[in-house]
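Enquirer: One structure follows; several queries about it will come next.
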Amino acid sequence: MELQHTALPWKCCIQLGLLLVLLSLPEGTASCRILRCNSDFVAATLDLSGGGAPGGGVAFSREAVSAGYCSALRSYAMCTKRMARACRGDLAYHSAVQGIEDLLIQHRCPRAGPTVQPRPLPQGTLSGDACHYERSLFIREGRTPEYLHCGVFGDPHVRTFNNDFQTCAVQGAWPLIDNEYLYIQATSSPVRGGAHATVLTKITIIFKNWRQCVDQQLYQAELDNVPAAFVDGSVTSGERRGHHSLTVWTQSPGRHAEIRAAHIGTLLVVRQSGHSLGLSVRSPRSIVEAFGPEQDLQLCVWGCPATQRVHIPAPTGSSSPSSISAHAQAHCAALLPYRDVYYQACVFDLITSGDLNSSVAAVSALQDARNMISDMQRVHLLPSAAGKQHRARLDLTLLLLLLLIGMLGTLNRT
């Protein structure tokens with residue numbers, strides 16, 4: 001049987017739709033990674049037209065195209081199933097699931113069958129700068145990384161990589177970051193004497209083994225013990241050509257540690273402020289987003305679960321000068337004149353803990369944000385602006401995702 005070249009006019013529509021979605025979200029989607037499934041699906045279907053082959057591509061029979069498209073749809077469906085926990089209640093996610101279901105029916109794709117195999121990662125010998133992320137990126141692409149910032153402090157408050165700000169009622173151990181290079185877990189415990197207050201009492205950081213740059217390394221800090229060394233007692237790790245991938249140093253022994261991970265371009269600051277621990281992270285977007293669907297619980301990426309979020313009312317003036325709220329507002333205003341989320345967190349922590357030292361956590365977190373965010377206009381987050389920005393991103397995502405699914409539906413008419 002002679003093979004015929006099957007044109008795929010819908011390919012451009014898919015690319016355009018996905019491009020519109022990606023360009024509309026420069027900061028990423030805060031609560032659901034459905035775009036990851038979308039991009040994997042598009043990458044799989046592009047191969048059907050030989051788009052990646054030189055000289056016009058490879059000829060495929062109509063049957064081969066149909067089988068390949070069904071395999072891509074089944075992989076797409078499996079990806080959304082793995083995202084179900086993180087995307088629960090997300091309208092864009094549920095629209096995508098329904099769109100996939102319709103396409104499976106339209107193209108008479110069997111529910112069981114082969115799926116698209118993930119492409120293997122390139123292997124090879126590391127170049128001289130491969131263990132220095134910033135330098136390697138500049139050599140490859142001629143640019144510097146796009147850095148993201150996450151801060152966790154106080155009762156505990158989380159500023160996510162997507163600039164959402166939340167206060168969590170979590171207790172026990174929770175993952176802050178869980179990607180291919182790094183795992184960070186924080187433990188939150190009740191405050192003695194505080195009615196409902198909790199604070200971070202332990203932070204565990206695991207740098208995962210990565211090629212020839214670094215072997216797995218562990219750092220651990222606890223309340224009143226913030227060491228300037230890894231658990232094995234070393235202060236450096238991953239030596240290559242006279243440089244180290246990991247280094248630890250301190251400017252306040254026992255209360256501060258700064259860890260630089262050159263191989264992933266990441267800076268971490270662990271500090272004790274008052275009677276609680278805090279963590280600040282600056283990391284390139286490509287490192288932050290290097291995780292799979294099964295790594296679906298990361299407070300620095302998606303914030304705390306909806307059932308664990310605490311609403312902080314905006315501080316208001318009190319008619320009673322002696323009220324706890326008035327004293328808290330006055331104290332925090334002297335330390336944090338700008339009425340942003342850090343001021344709001346400071347007031348909240350003072351009221352819930354009754355400890356004046358708790359205000360130091362917000363001050364330190366703000367200082368870390370200033371050091372880690374290059375655009376000073378993005379350092380301060382206003383409570384109302386952060387919420388509106390998050391809702392606007394979700395609304396735009398839903399609109400463009402519906403447009404993309406509509407474009408995919410045209411396939412059955414080509």
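By order of appearance in the structure tokens: chains A, B, ..., then residues from 1 within every chain, and ligands from 1 in the order shown.
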Find the nearest atom pair between each residue of stretch 67-168 of chain A and stretch 353-368 of chain A for residues within 8 Å, count only C-alpha atoms, give distances in Å to one decimal, sort rows by chain and ascending number, and present the table as a Markdown table.
Expert:
| residue | atom | partner | partner_atom | distance |
| --- | --- | --- | --- | --- |
| A:Gly151 | CA | A:Ala365 | CA | 6.6 |
| A:Val152 | CA | A:Ala365 | CA | 7.7 |
| A:Phe153 | CA | A:Ala361 | CA | 6.1 |
| A:Gly154 | CA | A:Ala361 | CA | 5.6 |
Enquirer: Quick one: residues within 7 Å of stretch 75-86 of chain A, only C-alpha atoms, excluding same-chain residues fewer than 2 positions away - as a PyMOL selection string?
Expert: chain A and resi 31-32+37+41+71-73+88+97+100+115-116+293-294+296
Enquirer: For stretch 302-307 of chain A, work out the shell of residues within 12 Å, counting only C-alpha atoms and skipping chain neighbours fewer than 4 positions away, then give it as number ranges by chain.
Expert: A: 28-33, 85-90, 150-152, 156-171, 174-178, 288-289, 295-298, 311, 390
Enquirer: Out of stretch 257-367 of chain A, which residues get strand (DSSP E or B) from DSSP, as a list in words?
Expert: Ala257, Glu258, Ile259, Arg260, Ala261, Thr266, Leu267, Leu268, Val269, Val270, Arg271, Gln272, Ser273, Ser276, Leu277, Gly278, Leu279, Ser280, Val281, Arg282, Ser283, Pro284, Arg309 and Val310 of chain A
Enquirer: Keeping only C-alpha atoms, write the selected residues to a file as a CSV table (one decimal), in the first residue's frame.
Expert:
chain,number,residue,atom,x,y,z
A,257,ALA,CA,22.9,30.1,56.8
A,258,GLU,CA,23.2,31.0,53.1
A,259,ILE,CA,23.5,28.1,50.6
A,260,ARG,CA,24.5,28.7,47.0
A,261,ALA,CA,23.8,26.0,44.5
A,266,THR,CA,19.8,28.8,43.2
A,267,LEU,CA,20.3,30.8,46.4
A,268,LEU,CA,18.7,29.7,49.7
A,269,VAL,CA,18.7,31.7,53.0
A,270,VAL,CA,17.7,29.9,56.2
A,271,ARG,CA,17.4,32.1,59.3
A,272,GLN,CA,15.9,32.2,62.7
A,273,SER,CA,13.9,35.4,63.4
A,276,SER,CA,10.7,30.8,64.4
A,277,LEU,CA,12.6,29.7,61.3
A,278,GLY,CA,12.2,31.3,57.9
A,279,LEU,CA,13.3,30.3,54.4
A,280,SER,CA,13.9,32.5,51.3
A,281,VAL,CA,14.7,31.0,47.9
A,282,ARG,CA,15.7,32.5,44.5
A,283,SER,CA,15.8,30.1,41.7
A,284,PRO,CA,15.6,30.1,37.8
A,309,ARG,CA,-5.6,28.6,54.1
A,310,VAL,CA,-6.3,31.3,56.7
Enquirer: A:Leu223, A:Leu218, A:Leu148, A:Met376: which is nearest A:Gly274, counting only C-alpha atoms?
Expert: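 Of all the options, A:Leu223 lies closest to A:Gly274.
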Enquirer: Please return, as number ranges by chain, all residues of stretch 99-213 of chain A that DSSP assigns to alpha helix (DSSP H) on the basis of the backbone.
Expert: A: 99-106, 133-141
Enquirer: Output all heavy atoms of each residue in that selection to a file, as a tab-separated table (two decimals), in the first residue's frame.
Expert:
chain	number	residue	atom	x	y	z
A	99	GLY	N	-12.85	18.38	26.93
A	99	GLY	CA	-12.42	18.48	25.54
A	99	GLY	C	-11.73	17.22	25.05
A	99	GLY	O	-11.97	16.77	23.92
A	100	ILE	N	-10.89	16.64	25.88
A	100	ILE	CA	-10.21	15.39	25.52
A	100	ILE	C	-11.22	14.27	25.33
A	100	ILE	O	-11.14	13.48	24.38
A	100	ILE	CB	-9.19	15.00	26.61
A	100	ILE	CG1	-8.07	16.05	26.69
A	100	ILE	CG2	-8.60	13.62	26.33
A	100	ILE	CD1	-7.19	15.90	27.90
A	101	GLU	N	-12.21	14.21	26.22
A	101	GLU	CA	-13.25	13.18	26.13
A	101	GLU	C	-13.99	13.29	24.80
A	101	GLU	O	-14.25	12.29	24.12
A	101	GLU	CB	-14.22	13.33	27.30
A	101	GLU	CG	-15.34	12.30	27.33
A	101	GLU	CD	-14.84	10.92	27.69
A	101	GLU	OE1	-13.73	10.80	28.24
A	101	GLU	OE2	-15.57	9.95	27.44
A	102	ASP	N	-14.32	14.51	24.40
A	102	ASP	CA	-15.04	14.71	23.13
A	102	ASP	C	-14.19	14.29	21.95
A	102	ASP	O	-14.69	13.66	21.00
A	102	ASP	CB	-15.42	16.19	22.99
A	102	ASP	CG	-16.47	16.62	24.01
A	102	ASP	OD1	-17.14	15.73	24.57
A	102	ASP	OD2	-16.62	17.83	24.24
A	103	LEU	N	-12.89	14.62	21.98
A	103	LEU	CA	-12.01	14.27	20.86
A	103	LEU	C	-11.80	12.76	20.77
A	103	LEU	O	-11.72	12.20	19.66
A	103	LEU	CB	-10.67	14.98	21.02
A	103	LEU	CG	-10.68	16.50	20.79
A	103	LEU	CD1	-9.32	17.10	21.14
A	103	LEU	CD2	-11.05	16.82	19.35
A	104	LEU	N	-11.72	12.08	21.90
A	104	LEU	CA	-11.60	10.62	21.88
A	104	LEU	C	-12.81	9.97	21.20
A	104	LEU	O	-12.69	9.02	20.43
A	104	LEU	CB	-11.44	10.09	23.30
A	104	LEU	CG	-10.08	10.29	23.97
A	104	LEU	CD1	-10.16	9.97	25.46
A	104	LEU	CD2	-9.01	9.43	23.30
A	105	ILE	N	-13.99	10.53	21.49
A	105	ILE	CA	-15.22	9.99	20.89
A	105	ILE	C	-15.28	10.33	19.40
A	105	ILE	O	-15.60	9.47	18.56
A	105	ILE	CB	-16.45	10.56	21.63
A	105	ILE	CG1	-16.48	10.05	23.08
A	105	ILE	CG2	-17.73	10.18	20.90
A	105	ILE	CD1	-17.55	10.69	23.92
A	106	GLN	N	-14.97	11.58	19.03
A	106	GLN	CA	-15.04	12.01	17.63
A	106	GLN	C	-14.14	11.18	16.74
A	106	GLN	O	-14.50	10.84	15.61
A	106	GLN	CB	-14.66	13.48	17.53
A	106	GLN	CG	-15.67	14.44	18.13
A	106	GLN	CD	-15.15	15.87	18.15
A	106	GLN	OE1	-14.18	16.19	17.46
A	106	GLN	NE2	-15.79	16.73	18.93
A	133	TYR	N	25.26	27.10	36.39
A	133	TYR	CA	24.03	27.29	35.63
A	133	TYR	C	24.01	28.61	34.87
A	133	TYR	O	23.71	28.65	33.67
A	133	TYR	CB	22.83	27.22	36.58
A	133	TYR	CG	21.50	27.38	35.88
A	133	TYR	CD1	20.83	26.28	35.37
A	133	TYR	CD2	20.91	28.64	35.73
A	133	TYR	CE1	19.62	26.42	34.72
A	133	TYR	CE2	19.70	28.79	35.09
A	133	TYR	CZ	19.06	27.68	34.58
A	133	TYR	OH	17.85	27.83	33.93
A	134	GLU	N	24.31	29.71	35.55
A	134	GLU	CA	24.21	31.03	34.92
A	134	GLU	C	25.17	31.16	33.74
A	134	GLU	O	24.81	31.65	32.67
A	134	GLU	CB	24.49	32.11	35.96
A	134	GLU	CG	23.45	32.14	37.08
A	134	GLU	CD	23.87	33.05	38.22
A	134	GLU	OE1	25.05	33.45	38.24
A	134	GLU	OE2	23.02	33.35	39.07
A	135	ARG	N	26.40	30.70	33.93
A	135	ARG	CA	27.40	30.81	32.87
A	135	ARG	C	27.03	29.91	31.69
A	135	ARG	O	27.14	30.30	30.53
A	135	ARG	CB	28.77	30.43	33.43
A	135	ARG	CG	29.95	30.81	32.55
A	135	ARG	CD	31.25	30.43	33.26
A	135	ARG	NE	31.35	31.07	34.57
A	135	ARG	CZ	32.03	30.58	35.59
A	135	ARG	NH1	32.67	29.41	35.45
A	135	ARG	NH2	32.09	31.22	36.74
A	136	SER	N	26.57	28.70	32.00
A	136	SER	CA	26.20	27.76	30.96
A	136	SER	C	25.02	28.28	30.14
A	136	SER	O	25.00	28.16	28.91
A	136	SER	CB	25.85	26.40	31.59
A	136	SER	OG	25.43	25.48	30.61
A	137	LEU	N	24.03	28.87	30.81
A	137	LEU	CA	22.88	29.40	30.10
A	137	LEU	C	23.28	30.55	29.18
A	137	LEU	O	22.80	30.66	28.05
A	137	LEU	CB	21.82	29.89	31.10
A	137	LEU	CG	20.55	30.48	30.51
A	137	LEU	CD1	19.76	29.40	29.77
A	137	LEU	CD2	19.68	31.12	31.59
A	138	PHE	N	24.17	31.40	29.65
A	138	PHE	CA	24.60	32.53	28.83
A	138	PHE	C	25.35	32.06	27.59
A	138	PHE	O	25.18	32.60	26.50
A	138	PHE	CB	25.47	33.49	29.65
A	138	PHE	CG	25.80	34.76	28.94
A	138	PHE	CD1	24.88	35.80	28.92
A	138	PHE	CD2	27.01	34.91	28.28
A	138	PHE	CE1	25.18	36.99	28.25
A	138	PHE	CE2	27.31	36.08	27.61
A	138	PHE	CZ	26.39	37.13	27.59
A	139	ILE	N	26.17	31.02	27.75
A	139	ILE	CA	26.90	30.48	26.61
A	139	ILE	C	25.94	29.87	25.59
A	139	ILE	O	26.07	30.05	24.38
A	139	ILE	CB	27.93	29.43	27.08
A	139	ILE	CG1	29.04	30.12	27.88
A	139	ILE	CG2	28.51	28.68	25.89
A	139	ILE	CD1	30.02	29.16	28.51
A	140	ARG	N	24.93	29.15	26.09
A	140	ARG	CA	23.98	28.47	25.19
A	140	ARG	C	23.00	29.44	24.54
A	140	ARG	O	22.71	29.34	23.35
A	140	ARG	CB	23.19	27.41	25.96
A	140	ARG	CG	23.99	26.23	26.45
A	140	ARG	CD	23.07	25.08	26.86
A	140	ARG	NE	21.88	25.52	27.55
A	140	ARG	CZ	21.79	25.66	28.88
A	140	ARG	NH1	22.86	25.41	29.64
A	140	ARG	NH2	20.66	26.03	29.44
A	141	GLU	N	22.46	30.37	25.32
A	141	GLU	CA	21.34	31.19	24.85
A	141	GLU	C	21.62	32.69	24.86
A	141	GLU	O	20.77	33.47	24.42
A	141	GLU	CB	20.09	30.89	25.68
A	141	GLU	CG	19.71	29.42	25.67
A	141	GLU	CD	18.46	29.14	26.50
A	141	GLU	OE1	17.71	30.10	26.76
A	141	GLU	OE2	18.25	27.98	26.87
